[in-house]
file entry16.txt (compact mmCIF, C-alpha atoms)
# COMPACT_ATOMS: atom_id res chain seq x y z
CA MET A 248 0.00 0.00 0.00
CA VAL A 249 2.82 2.35 0.95
CA ASP A 250 4.49 1.65 -2.37
CA VAL A 251 1.39 2.90 -4.14
CA LEU A 252 0.79 5.93 -1.95
CA ARG A 253 4.32 7.28 -1.92
CA PRO A 254 4.46 8.33 -5.58
CA ILE A 255 1.04 9.94 -5.26
CA ILE A 256 2.13 11.93 -2.22
CA ASP A 257 5.32 12.92 -3.99
CA VAL A 258 3.36 14.27 -6.93
CA TYR A 259 1.17 16.27 -4.57
CA THR A 260 4.04 17.74 -2.54
CA ASP A 261 6.56 18.20 -5.35
CA PRO A 262 4.86 17.82 -8.70
CA PRO A 263 6.83 17.75 -11.95
CA LEU A 264 6.68 20.96 -13.93
CA LYS A 265 4.60 19.29 -16.63
CA PHE A 266 1.71 18.97 -14.15
CA LEU A 267 1.74 22.70 -13.43
CA ARG A 268 0.71 25.82 -15.26
CA GLU A 269 1.02 29.55 -14.69
CA PHE A 270 -1.84 31.51 -13.18
CA PRO A 271 -1.09 35.18 -13.97
CA GLN A 272 -1.76 37.56 -11.09
CA PRO A 273 -3.62 40.82 -11.77
CA VAL A 274 -1.44 43.20 -9.77
CA ASP A 275 2.23 43.70 -10.60
CA LEU A 276 4.76 43.90 -7.78
CA VAL A 277 6.51 47.15 -6.86
CA GLY A 278 8.05 48.25 -3.56
CA THR A 279 7.60 45.85 -0.67
CA GLY A 280 4.80 43.68 0.68
CA ASN A 281 3.49 40.12 0.85
CA LEU A 282 2.47 38.01 -2.12
CA PRO A 283 -1.34 38.00 -2.08
CA ASP A 284 -3.59 34.93 -2.13
CA LEU A 285 -0.80 32.55 -1.16
CA ASN A 286 -2.93 29.77 0.30
CA ASN A 287 -6.43 30.59 -0.85
CA SER A 288 -7.18 27.07 -2.05
CA LEU A 289 -6.23 23.83 -0.30
CA LEU A 290 -7.32 21.82 -3.31
CA ARG A 291 -5.07 23.77 -5.63
CA PRO A 292 -2.04 24.92 -3.63
CA GLN A 293 0.74 26.95 -5.16
CA TYR A 294 3.98 25.20 -6.02
CA GLY A 295 6.02 28.20 -6.88
CA ALA A 296 5.87 31.36 -8.94
CA VAL A 297 7.17 32.81 -12.18
CA PHE A 298 8.50 36.34 -12.13
CA ILE A 299 9.22 38.63 -15.09
CA ALA A 300 10.92 41.96 -14.41
CA ARG A 301 9.71 44.94 -16.44
CA ASP A 302 10.78 48.60 -16.63
CA ILE A 303 14.30 47.79 -15.45
CA PRO A 304 16.21 51.10 -15.13
CA PRO A 305 18.81 51.20 -17.91
CA ASN A 306 21.82 52.20 -15.83
CA LEU A 307 21.78 49.25 -13.43
CA SER A 308 24.97 47.20 -13.55
CA ARG A 309 24.61 43.87 -15.29
CA THR A 310 26.58 41.22 -17.13
CA ALA A 311 26.68 40.99 -20.91
CA GLY A 312 25.29 37.98 -22.71
CA LEU A 313 22.13 36.34 -23.92
CA ARG A 314 20.57 36.30 -20.45
CA PRO A 315 22.18 39.11 -18.47
CA SER A 316 22.44 38.95 -14.72
CA TRP A 317 21.92 42.16 -12.76
CA LYS A 318 24.35 42.96 -9.97
CA ARG A 319 21.65 43.98 -7.52
CA PRO A 320 18.72 41.63 -7.04
CA LEU A 321 15.69 42.86 -8.97
CA LEU A 322 13.42 41.04 -6.56
CA GLU A 323 14.02 39.54 -3.12
CA LEU A 324 11.71 37.01 -1.51
CA THR A 325 11.56 35.85 2.10
CA LEU A 326 9.63 32.65 2.68
CA VAL A 327 8.02 32.54 6.12
CA ALA A 328 6.70 29.27 7.55
CA LEU A 329 5.15 27.94 10.74
CA THR A 330 7.16 25.52 12.83
CA GLY A 331 5.80 22.74 15.00
CA GLY A 332 6.69 24.64 18.15
CA PRO A 333 5.13 27.63 19.84
CA SER A 334 7.37 30.16 18.14
CA PRO A 335 5.94 32.62 15.64
CA PRO A 336 6.46 31.91 11.93
CA LEU A 337 10.12 31.90 10.96
CA PRO A 338 11.81 33.16 7.80
CA VAL A 339 13.05 29.90 6.30
CA ALA A 340 14.45 30.89 2.90
CA PHE A 341 15.74 33.99 1.16
CA LEU A 342 15.57 34.07 -2.61
CA GLU A 343 17.10 36.62 -4.98
CA MET A 344 16.15 37.25 -8.59
CA HIS A 345 19.10 38.55 -10.58
CA ARG A 346 17.71 37.85 -14.05
CA ASP A 347 14.69 39.35 -15.74
CA TYR A 348 12.92 35.98 -15.76
CA GLU A 349 13.03 33.39 -13.03
CA VAL A 350 10.99 30.50 -11.71
CA PHE A 351 11.06 29.77 -7.99
CA ARG A 352 9.62 26.50 -6.68
CA PHE A 353 8.13 26.20 -3.20
CA TYR A 354 5.43 24.16 -1.56
CA GLY A 355 2.69 26.62 -0.65
CA PRO A 356 0.71 25.00 2.19
CA GLU A 357 3.67 25.07 4.58
CA LEU A 358 4.11 28.80 4.21
CA THR A 359 2.30 31.53 6.12
CA ASN A 360 3.43 34.33 3.83
CA ILE A 361 6.07 35.36 1.34
CA GLU A 362 7.54 38.82 1.69
CA TYR A 363 8.80 40.58 -1.43
CA SER A 364 11.01 43.58 -2.05
CA VAL A 365 11.37 44.97 -5.56
CA LEU A 366 14.32 47.14 -6.55
CA PRO A 367 13.32 50.82 -7.00
CA GLY A 368 12.15 51.55 -10.52
CA VAL A 369 11.43 47.91 -11.36
CA ARG A 370 7.98 46.41 -11.91
CA VAL A 371 7.47 42.66 -11.73
CA GLU A 372 4.79 40.68 -13.53
CA TRP A 373 4.20 37.33 -11.93
CA SER A 374 2.18 34.13 -11.87
CA TYR A 375 1.61 31.37 -9.36
CA LEU A 376 2.37 27.81 -10.39
CA SER A 377 -0.50 25.44 -9.63
CA PHE A 378 -1.92 22.20 -10.92
CA ILE A 379 -3.26 22.29 -14.44
CA MET B 206 22.97 77.76 -8.94
CA ALA B 207 26.30 78.19 -7.23
CA ARG B 208 27.80 75.07 -5.78
CA GLY B 209 30.88 74.70 -3.68
CA PHE B 210 31.62 73.29 -0.28
CA THR B 211 30.79 74.13 3.29
CA TRP B 212 32.40 72.71 6.42
CA GLY B 213 30.00 70.47 8.28
CA ASP B 214 30.15 68.53 11.57
CA TYR B 215 30.83 64.84 11.03
CA PHE B 216 30.42 62.46 13.99
CA ASP B 217 32.31 59.22 13.57
CA ASP B 218 31.03 55.89 14.88
CA ASP B 219 32.65 56.54 18.27
CA GLY B 220 31.00 59.96 18.56
CA ASN B 221 34.13 61.98 17.86
CA GLU B 222 33.54 65.22 16.00
CA TRP B 223 35.36 66.14 12.82
CA ALA B 224 35.04 68.77 10.14
CA LEU B 225 34.13 67.55 6.67
CA ALA B 226 33.74 69.52 3.46
CA VAL B 227 30.15 69.01 2.32
CA ASP B 228 28.55 69.98 -0.96
CA SER B 229 26.78 73.27 -0.21
CA ASP B 230 23.65 72.05 -1.97
CA TYR B 231 23.21 69.26 0.52
CA ILE B 232 24.25 70.62 3.89
CA ASP B 233 20.75 71.88 4.66
CA HIS B 234 19.02 68.59 3.77
CA PRO B 235 17.84 67.54 7.23
CA GLU B 236 17.76 63.80 6.54
CA ARG B 237 21.56 63.87 6.11
CA GLY B 238 22.00 65.28 9.60
CA TRP B 239 24.49 68.08 8.92
CA THR B 240 25.19 71.05 11.11
CA LEU B 241 27.57 73.82 10.16
CA ALA B 242 31.01 73.35 11.64
CA GLY B 243 31.58 77.10 11.71
CA ASP B 244 34.88 78.42 12.91
CA THR B 245 35.35 75.93 15.71
CA GLY B 246 38.85 74.74 14.94
CA LEU B 247 37.71 71.17 14.39
CA VAL B 248 40.22 68.77 12.91
CA PRO B 249 39.24 67.72 9.38
CA LEU B 250 38.30 64.09 8.89
CA PRO B 251 41.52 62.26 7.93
CA ARG B 252 41.81 61.95 4.18
CA SER B 253 42.41 58.22 4.43
CA TRP B 254 39.08 57.69 6.16
CA ARG B 255 35.87 57.27 4.26
CA ALA B 256 32.75 58.73 5.80
CA ARG B 257 29.63 56.61 6.14
CA ARG B 258 27.26 56.96 3.22
CA VAL B 259 24.08 55.56 1.78
CA VAL B 260 23.79 54.34 -1.76
CA GLY B 261 20.67 55.21 -3.71
CA LEU B 262 19.37 54.58 -7.19
CA ASP B 263 18.09 57.45 -9.32
CA SER B 264 15.28 57.01 -11.82
CA THR B 265 17.66 55.60 -14.44
CA GLY B 266 19.20 53.05 -12.06
CA ARG B 267 22.47 54.93 -11.67
CA GLU B 268 24.06 54.66 -8.24
CA GLN B 269 24.24 57.91 -6.27
CA PHE B 270 25.71 58.53 -2.84
CA ALA B 271 24.88 60.65 0.16
CA VAL B 272 27.36 61.13 3.00
CA VAL B 273 25.57 61.04 6.36
CA ALA B 274 26.75 63.17 9.27
CA SER B 275 25.87 60.92 12.21
CA LEU B 276 24.52 57.54 13.22
CA THR B 277 21.29 59.19 14.32
CA ALA B 278 20.56 60.99 11.06
CA ASP B 279 17.25 59.93 9.51
CA LEU B 280 18.94 58.74 6.35
CA TRP B 281 21.10 56.34 8.36
CA THR B 282 18.45 55.06 10.78
CA GLY B 283 16.07 54.30 7.93
CA THR B 284 13.48 56.89 8.92
CA ALA B 285 14.20 58.53 5.57
CA THR B 286 14.37 56.12 2.65
CA SER B 287 15.27 58.56 -0.09
CA PHE B 288 17.45 61.58 -0.67
CA VAL B 289 17.65 64.31 -3.27
CA ILE B 290 20.68 65.19 -5.38
CA ARG B 291 21.29 67.84 -8.01
CA ASP B 292 22.06 66.33 -11.38
CA SER B 293 24.58 67.76 -13.84
CA GLU B 294 21.95 70.19 -15.09
CA GLY B 295 21.13 71.38 -11.58
CA GLN B 296 17.79 69.61 -11.47
CA PRO B 297 16.72 67.70 -8.35
CA GLN B 298 16.67 63.92 -8.62
CA THR B 299 15.19 61.71 -5.96
CA CYS B 300 17.18 58.59 -5.14
CA THR B 301 15.85 55.59 -3.25
CA VAL B 302 18.18 54.05 -0.67
CA VAL B 303 19.34 50.52 -1.46
CA GLU B 304 22.45 50.15 0.68
CA TYR B 305 24.18 51.48 3.79
CA ARG B 306 27.98 51.66 3.79
CA GLY B 307 29.65 52.14 7.12
CA GLU B 308 32.64 54.39 7.56
CA LYS B 309 36.11 53.05 6.94
CA ARG B 310 39.14 54.20 8.77
CA VAL B 311 42.81 53.54 9.10
CA PRO B 312 44.78 54.37 12.25
CA VAL B 313 46.04 57.93 12.33
CA ALA B 314 48.33 59.68 14.77
CA LEU B 315 47.37 63.29 15.40
CA ASP B 316 50.26 65.67 15.87
CA THR B 317 49.31 67.33 19.12
CA ALA B 318 52.69 68.90 19.77
call {"tool": "encode", "arguments": {"input": "entry16.txt", "output": "structure tokens"}}
result
Amino acid sequence: MVDVLRPIIDVYTDPPLKFLREFPQPVDLVGTGNLPDLNNSLLRPQYGAVFIARDIPPNLSRTAGLRPSWKRPLLELTLVALTGGPSPPLPVAFLEMHRDYEVFRFYGPELTNIEYSVLPGVRVEWSYLSFI
Amino acid sequence: MARGFTWGDYFDDDGNEWALAVDSDYIDHPERGWTLAGDTGLVPLPRSWRARRVVGLDSTGREQFAVVASLTADLWTGTATSFVIRDSEGQPQTCTVVEYRGEKRVPVALDTA
């Protein structure tokens, strides 16, 4: 029985990308705040997000090449999650977006909120990743 | 608009007071925390030291700097999150703070003889 359940649980907690699709969010990110609607559906949790940076100021330092990397992070994310103990939610991961397109994977139901900070002048379009 | 420099009071991280030449356009920006040094005989900040400063980005993403007079100035505590500079055409440009750089010093021996 366990042999049958394990792959199913794995797909639910860490699904392959081919089982997911983007759900574009209506409000672009600027400044700082929390990603909205993080856990609004238990049946369709989020498994990550896709971010596309727009309006990047032209004088920011960056590498040359097909997919340039900006020196300063265009977007910073702090993943905050509940622990099993009595302590308040803890920041458990810090993610930086240095390219104008990045996909970050995370398992939504464990998280209480995700803080974001966008570099001044930058606007970020984004989508949640959820089951098809 | 005439530019130039004015002597301002700079307080290092230990609270010692020094004189530092400050761009006259910026010495009266309260968030930077400057007061006029006047004719007080203060010792100038050693040339090998680098005063604390904040780094900001202007609207084009270019890095700009603002030297901050003390640890309690609004620009250093985070109460103020932006500062204004004059660009090469004399126009004000607002810069948003993205980094704080502490002062750097090397040991100096003052000639008190």
call {"tool": "interface_residues", "arguments": {"input": "entry16.txt", "of": "chain A", "to": "chain B", "cutoff": "6 Å", "atoms": "only C-alpha atoms", "output": "VMD selection string"}}
result
chain A and resid 304 to 307
call {"tool": "write_last_selection", "arguments": {"input": "entry16.txt", "atoms": "C-alpha atoms", "output": "compact mmCIF listing (two decimals), in the frame of the given file"}}
result
# COMPACT_ATOMS: atom_id res chain seq x y z
CA PRO A 304 16.21 51.10 -15.13
CA PRO A 305 18.81 51.20 -17.91
CA ASN A 306 21.82 52.20 -15.83
CA LEU A 307 21.78 49.25 -13.43
call {"tool": "residues_around", "arguments": {"input": "entry16.txt", "residues": "Arg208 of chain B", "least_positions_apart": "5", "cutoff": "9 Å", "atoms": "all atoms listed in the file", "output": "compact mmCIF listing (two decimals) with C-alpha atoms, in the coordinates of the input"}}
result
# COMPACT_ATOMS: atom_id res chain seq x y z
CA ASP B 228 28.55 69.98 -0.96
CA SER B 229 26.78 73.27 -0.21
CA ASP B 230 23.65 72.05 -1.97
call {"tool": "residues_around", "arguments": {"input": "entry16.txt", "residues": "Gly238 of chain B", "least_positions_apart": "5", "cutoff": "7 Å", "atoms": "all atoms listed in the file", "output": "short mmCIF file (atom, residue, chain, number, x, y, z; two decimals) with C-alpha atoms, in the frame of the given file"}}
result
data_model
loop_
_atom_site.label_atom_id
_atom_site.label_comp_id
_atom_site.auth_asym_id
_atom_site.auth_seq_id
_atom_site.Cartn_x
_atom_site.Cartn_y
_atom_site.Cartn_z
CA VAL B 273 25.57 61.04 6.36
CA ALA B 274 26.75 63.17 9.27
CA SER B 275 25.87 60.92 12.21
CA ALA B 278 20.56 60.99 11.06
#
call {"tool": "closest_residue", "arguments": {"input": "entry16.txt", "among": "A:Val369, A:Val277, A:Leu337, A:Phe353", "to": "Arg319 of chain A", "atoms": "all atoms listed in the file"}}
result
A:Val369
call {"tool": "residues_around", "arguments": {"input": "entry16.txt", "residues": "Phe270 of chain B", "least_positions_apart": "4", "cutoff": "8 Å", "atoms": "only C-alpha atoms", "output": "list in words"}}
result
Arg258, Val259, Val260 and Gly261 of chain B
call {"tool": "write_last_selection", "arguments": {"input": "entry16.txt", "atoms": "C-alpha atoms", "output": "PDB file, in the coordinates of the input"}}
result
ATOM      1  CA  ARG B 258      27.260  56.960   3.220  1.00  0.00           C
ATOM      2  CA  VAL B 259      24.080  55.560   1.780  1.00  0.00           C
ATOM      3  CA  VAL B 260      23.790  54.340  -1.760  1.00  0.00           C
ATOM      4  CA  GLY B 261      20.670  55.210  -3.710  1.00  0.00           C
TER       5      GLY B 261
END
call {"tool": "closest_residue", "arguments": {"input": "entry16.txt", "among": "A:Leu282, A:Ile379, A:Leu313, A:Ile256", "to": "Phe298 of chain A", "atoms": "all atoms listed in the file"}}
result
A:Leu282
call {"tool": "residues_around", "arguments": {"input": "entry16.txt", "residues": "Ser377 of chain A", "least_positions_apart": "6", "cutoff": "10 Å", "atoms": "all atoms listed in the file", "output": "list of chain:residue names"}}
result
A:Pro262, A:Leu264, A:Phe266, A:Leu267, A:Arg268, A:Glu269, A:Phe270, A:Leu290, A:Arg291, A:Pro292, A:Gln293, A:Tyr294, A:Gly295, A:Ala296, A:Gly355
call {"tool": "atom_distance", "arguments": {"input": "entry16.txt", "atom1": "atom CA of Asp347 of chain A", "atom2": "atom CA of Glu323 of chain A"}}
result
12.6 Å
call {"tool": "residues_around", "arguments": {"input": "entry16.txt", "residues": "Val289 of chain B", "least_positions_apart": "2", "cutoff": "9 Å", "atoms": "all atoms listed in the file", "output": "list in words"}}
result
Tyr231, His234, Ala271, Ser287, Arg291, Pro297, Gln298, Thr299, Cys300 and Thr301 of chain B
call {"tool": "atom_distance", "arguments": {"input": "entry16.txt", "atom1": "atom CA of Ser364 of chain A", "atom2": "atom CA of Tyr259 of chain A"}}
result
29.1 Å
call {"tool": "atom_distance", "arguments": {"input": "entry16.txt", "atom1": "atom CA of Phe210 of chain B", "atom2": "atom CA of Arg310 of chain B"}}
result
22.4 Å
call {"tool": "residues_near_point", "arguments": {"input": "entry16.txt", "point": "(42.0, 53.8, 8.4)", "cutoff": "12 Å", "atoms": "only C-alpha atoms", "output": "PyMOL selection string"}}
result
chain B and resi 250-256+308-314
call {"tool": "residues_near_point", "arguments": {"input": "entry16.txt", "point": "(17.7, 37.7, -11.8)", "cutoff": "8 Å", "atoms": "only C-alpha atoms", "output": "PyMOL selection string"}}
result
chain A and resi 316-317+320-322+343-349
call {"tool": "axis_aligned_box", "arguments": {"input": "entry16.txt", "around": "segment 279-292 of chain B", "padding_each_side": "8 Å", "output": "JSON"}}
result
{"center_x": 17.8, "center_y": 61.1, "center_z": -0.3, "size_x": 24.6, "size_y": 29.5, "size_z": 38.2}
call {"tool": "decode", "arguments": {"input": "entry16.txt", "residues": "segment 251-291 of chain B", "atoms": "N, CA and C atoms", "output": "PDB file, in the first residue's frame"}}
result
ATOM      1  N   PRO B 251      40.308  62.703   8.658  1.00  0.00           N
ATOM      2  CA  PRO B 251      41.517  62.263   7.934  1.00  0.00           C
ATOM      3  C   PRO B 251      41.203  61.854   6.501  1.00  0.00           C
ATOM      4  N   ARG B 252      42.064  62.216   5.607  1.00  0.00           N
ATOM      5  CA  ARG B 252      41.806  61.951   4.183  1.00  0.00           C
ATOM      6  C   ARG B 252      41.746  60.466   3.860  1.00  0.00           C
ATOM      7  N   SER B 253      42.409  59.657   4.695  1.00  0.00           N
ATOM      8  CA  SER B 253      42.415  58.219   4.427  1.00  0.00           C
ATOM      9  C   SER B 253      41.155  57.524   4.964  1.00  0.00           C
ATOM     10  N   TRP B 254      40.326  58.260   5.688  1.00  0.00           N
ATOM     11  CA  TRP B 254      39.079  57.686   6.165  1.00  0.00           C
ATOM     12  C   TRP B 254      38.008  57.895   5.091  1.00  0.00           C
ATOM     13  N   ARG B 255      37.012  57.047   5.146  1.00  0.00           N
ATOM     14  CA  ARG B 255      35.867  57.265   4.261  1.00  0.00           C
ATOM     15  C   ARG B 255      34.617  57.378   5.121  1.00  0.00           C
ATOM     16  N   ALA B 256      33.946  58.492   4.982  1.00  0.00           N
ATOM     17  CA  ALA B 256      32.751  58.731   5.797  1.00  0.00           C
ATOM     18  C   ALA B 256      31.644  57.749   5.437  1.00  0.00           C
ATOM     19  N   ARG B 257      30.767  57.494   6.418  1.00  0.00           N
ATOM     20  CA  ARG B 257      29.627  56.614   6.136  1.00  0.00           C
ATOM     21  C   ARG B 257      28.743  57.260   5.060  1.00  0.00           C
ATOM     22  N   ARG B 258      28.095  56.437   4.292  1.00  0.00           N
ATOM     23  CA  ARG B 258      27.255  56.956   3.216  1.00  0.00           C
ATOM     24  C   ARG B 258      26.158  55.966   2.887  1.00  0.00           C
ATOM     25  N   VAL B 259      25.115  56.451   2.300  1.00  0.00           N
ATOM     26  CA  VAL B 259      24.082  55.559   1.784  1.00  0.00           C
ATOM     27  C   VAL B 259      24.181  55.581   0.260  1.00  0.00           C
ATOM     28  N   VAL B 260      23.827  54.461  -0.313  1.00  0.00           N
ATOM     29  CA  VAL B 260      23.786  54.335  -1.764  1.00  0.00           C
ATOM     30  C   VAL B 260      22.331  54.352  -2.188  1.00  0.00           C
ATOM     31  N   GLY B 261      22.029  55.158  -3.182  1.00  0.00           N
ATOM     32  CA  GLY B 261      20.669  55.210  -3.712  1.00  0.00           C
ATOM     33  C   GLY B 261      20.675  55.033  -5.211  1.00  0.00           C
ATOM     34  N   LEU B 262      19.523  54.700  -5.740  1.00  0.00           N
ATOM     35  CA  LEU B 262      19.370  54.584  -7.194  1.00  0.00           C
ATOM     36  C   LEU B 262      18.494  55.724  -7.677  1.00  0.00           C
ATOM     37  N   ASP B 263      18.960  56.430  -8.730  1.00  0.00           N
ATOM     38  CA  ASP B 263      18.094  57.448  -9.316  1.00  0.00           C
ATOM     39  C   ASP B 263      17.127  56.782 -10.297  1.00  0.00           C
ATOM     40  N   SER B 264      16.350  57.580 -10.990  1.00  0.00           N
ATOM     41  CA  SER B 264      15.283  57.011 -11.824  1.00  0.00           C
ATOM     42  C   SER B 264      15.815  56.193 -12.996  1.00  0.00           C
ATOM     43  N   THR B 265      17.086  56.381 -13.340  1.00  0.00           N
ATOM     44  CA  THR B 265      17.661  55.602 -14.438  1.00  0.00           C
ATOM     45  C   THR B 265      18.412  54.374 -13.938  1.00  0.00           C
ATOM     46  N   GLY B 266      18.478  54.190 -12.613  1.00  0.00           N
ATOM     47  CA  GLY B 266      19.198  53.052 -12.055  1.00  0.00           C
ATOM     48  C   GLY B 266      20.651  53.347 -11.749  1.00  0.00           C
ATOM     49  N   ARG B 267      21.079  54.583 -11.966  1.00  0.00           N
ATOM     50  CA  ARG B 267      22.474  54.928 -11.667  1.00  0.00           C
ATOM     51  C   ARG B 267      22.655  55.065 -10.155  1.00  0.00           C
ATOM     52  N   GLU B 268      23.793  54.562  -9.667  1.00  0.00           N
ATOM     53  CA  GLU B 268      24.063  54.665  -8.236  1.00  0.00           C
ATOM     54  C   GLU B 268      24.479  56.087  -7.869  1.00  0.00           C
ATOM     55  N   GLN B 269      23.889  56.611  -6.811  1.00  0.00           N
ATOM     56  CA  GLN B 269      24.243  57.911  -6.270  1.00  0.00           C
ATOM     57  C   GLN B 269      24.538  57.728  -4.791  1.00  0.00           C
ATOM     58  N   PHE B 270      25.277  58.662  -4.218  1.00  0.00           N
ATOM     59  CA  PHE B 270      25.715  58.528  -2.840  1.00  0.00           C
ATOM     60  C   PHE B 270      25.324  59.755  -2.020  1.00  0.00           C
ATOM     61  N   ALA B 271      25.096  59.537  -0.758  1.00  0.00           N
ATOM     62  CA  ALA B 271      24.877  60.649   0.164  1.00  0.00           C
ATOM     63  C   ALA B 271      25.675  60.365   1.430  1.00  0.00           C
ATOM     64  N   VAL B 272      26.607  61.262   1.750  1.00  0.00           N
ATOM     65  CA  VAL B 272      27.360  61.130   2.998  1.00  0.00           C
ATOM     66  C   VAL B 272      26.439  61.553   4.142  1.00  0.00           C
ATOM     67  N   VAL B 273      26.480  60.794   5.235  1.00  0.00           N
ATOM     68  CA  VAL B 273      25.570  61.038   6.358  1.00  0.00           C
ATOM     69  C   VAL B 273      26.392  61.460   7.566  1.00  0.00           C
ATOM     70  N   ALA B 274      25.926  62.520   8.243  1.00  0.00           N
ATOM     71  CA  ALA B 274      26.747  63.169   9.265  1.00  0.00           C
ATOM     72  C   ALA B 274      26.852  62.391  10.559  1.00  0.00           C
ATOM     73  N   SER B 275      25.832  61.607  10.909  1.00  0.00           N
ATOM     74  CA  SER B 275      25.870  60.922  12.210  1.00  0.00           C
ATOM     75  C   SER B 275      25.059  59.639  12.142  1.00  0.00           C
ATOM     76  N   LEU B 276      25.255  58.813  13.158  1.00  0.00           N
ATOM     77  CA  LEU B 276      24.524  57.543  13.222  1.00  0.00           C
ATOM     78  C   LEU B 276      23.046  57.752  13.497  1.00  0.00           C
ATOM     79  N   THR B 277      22.690  58.935  13.977  1.00  0.00           N
ATOM     80  CA  THR B 277      21.290  59.189  14.321  1.00  0.00           C
ATOM     81  C   THR B 277      20.548  59.951  13.234  1.00  0.00           C
ATOM     82  N   ALA B 278      21.228  60.276  12.150  1.00  0.00           N
ATOM     83  CA  ALA B 278      20.561  60.989  11.057  1.00  0.00           C
ATOM     84  C   ALA B 278      19.488  60.087  10.433  1.00  0.00           C
ATOM     85  N   ASP B 279      18.385  60.695  10.033  1.00  0.00           N
ATOM     86  CA  ASP B 279      17.246  59.928   9.506  1.00  0.00           C
ATOM     87  C   ASP B 279      17.638  59.043   8.328  1.00  0.00           C
ATOM     88  N   LEU B 280      18.557  59.523   7.529  1.00  0.00           N
ATOM     89  CA  LEU B 280      18.945  58.743   6.353  1.00  0.00           C
ATOM     90  C   LEU B 280      19.700  57.477   6.758  1.00  0.00           C
ATOM     91  N   TRP B 281      20.347  57.512   7.922  1.00  0.00           N
ATOM     92  CA  TRP B 281      21.102  56.340   8.363  1.00  0.00           C
ATOM     93  C   TRP B 281      20.236  55.383   9.179  1.00  0.00           C
ATOM     94  N   THR B 282      19.302  55.926   9.955  1.00  0.00           N
ATOM     95  CA  THR B 282      18.454  55.060  10.780  1.00  0.00           C
ATOM     96  C   THR B 282      17.385  54.366   9.943  1.00  0.00           C
ATOM     97  N   GLY B 283      17.113  54.892   8.764  1.00  0.00           N
ATOM     98  CA  GLY B 283      16.074  54.305   7.932  1.00  0.00           C
ATOM     99  C   GLY B 283      14.764  55.051   8.005  1.00  0.00           C
ATOM    100  N   THR B 284      14.696  56.074   8.861  1.00  0.00           N
ATOM    101  CA  THR B 284      13.481  56.892   8.922  1.00  0.00           C
ATOM    102  C   THR B 284      13.228  57.561   7.570  1.00  0.00           C
ATOM    103  N   ALA B 285      14.296  58.001   6.944  1.00  0.00           N
ATOM    104  CA  ALA B 285      14.198  58.532   5.573  1.00  0.00           C
ATOM    105  C   ALA B 285      14.728  57.467   4.618  1.00  0.00           C
ATOM    106  N   THR B 286      13.982  57.178   3.585  1.00  0.00           N
ATOM    107  CA  THR B 286      14.374  56.115   2.653  1.00  0.00           C
ATOM    108  C   THR B 286      14.757  56.666   1.282  1.00  0.00           C
ATOM    109  N   SER B 287      14.838  57.975   1.183  1.00  0.00           N
ATOM    110  CA  SER B 287      15.275  58.556  -0.093  1.00  0.00           C
ATOM    111  C   SER B 287      16.000  59.860   0.189  1.00  0.00           C
ATOM    112  N   PHE B 288      16.771  60.296  -0.786  1.00  0.00           N
ATOM    113  CA  PHE B 288      17.453  61.579  -0.674  1.00  0.00           C
ATOM    114  C   PHE B 288      17.446  62.239  -2.045  1.00  0.00           C
ATOM    115  N   VAL B 289      17.703  63.534  -2.029  1.00  0.00           N
ATOM    116  CA  VAL B 289      17.650  64.306  -3.274  1.00  0.00           C
ATOM    117  C   VAL B 289      19.048  64.780  -3.627  1.00  0.00           C
ATOM    118  N   ILE B 290      19.405  64.652  -4.890  1.00  0.00           N
ATOM    119  CA  ILE B 290      20.677  65.188  -5.379  1.00  0.00           C
ATOM    120  C   ILE B 290      20.381  66.213  -6.486  1.00  0.00           C
ATOM    121  N   ARG B 291      21.390  66.964  -6.839  1.00  0.00           N
ATOM    122  CA  ARG B 291      21.295  67.843  -8.013  1.00  0.00           C
ATOM    123  C   ARG B 291      22.034  67.159  -9.138  1.00  0.00           C
TER     124      ARG B 291
END
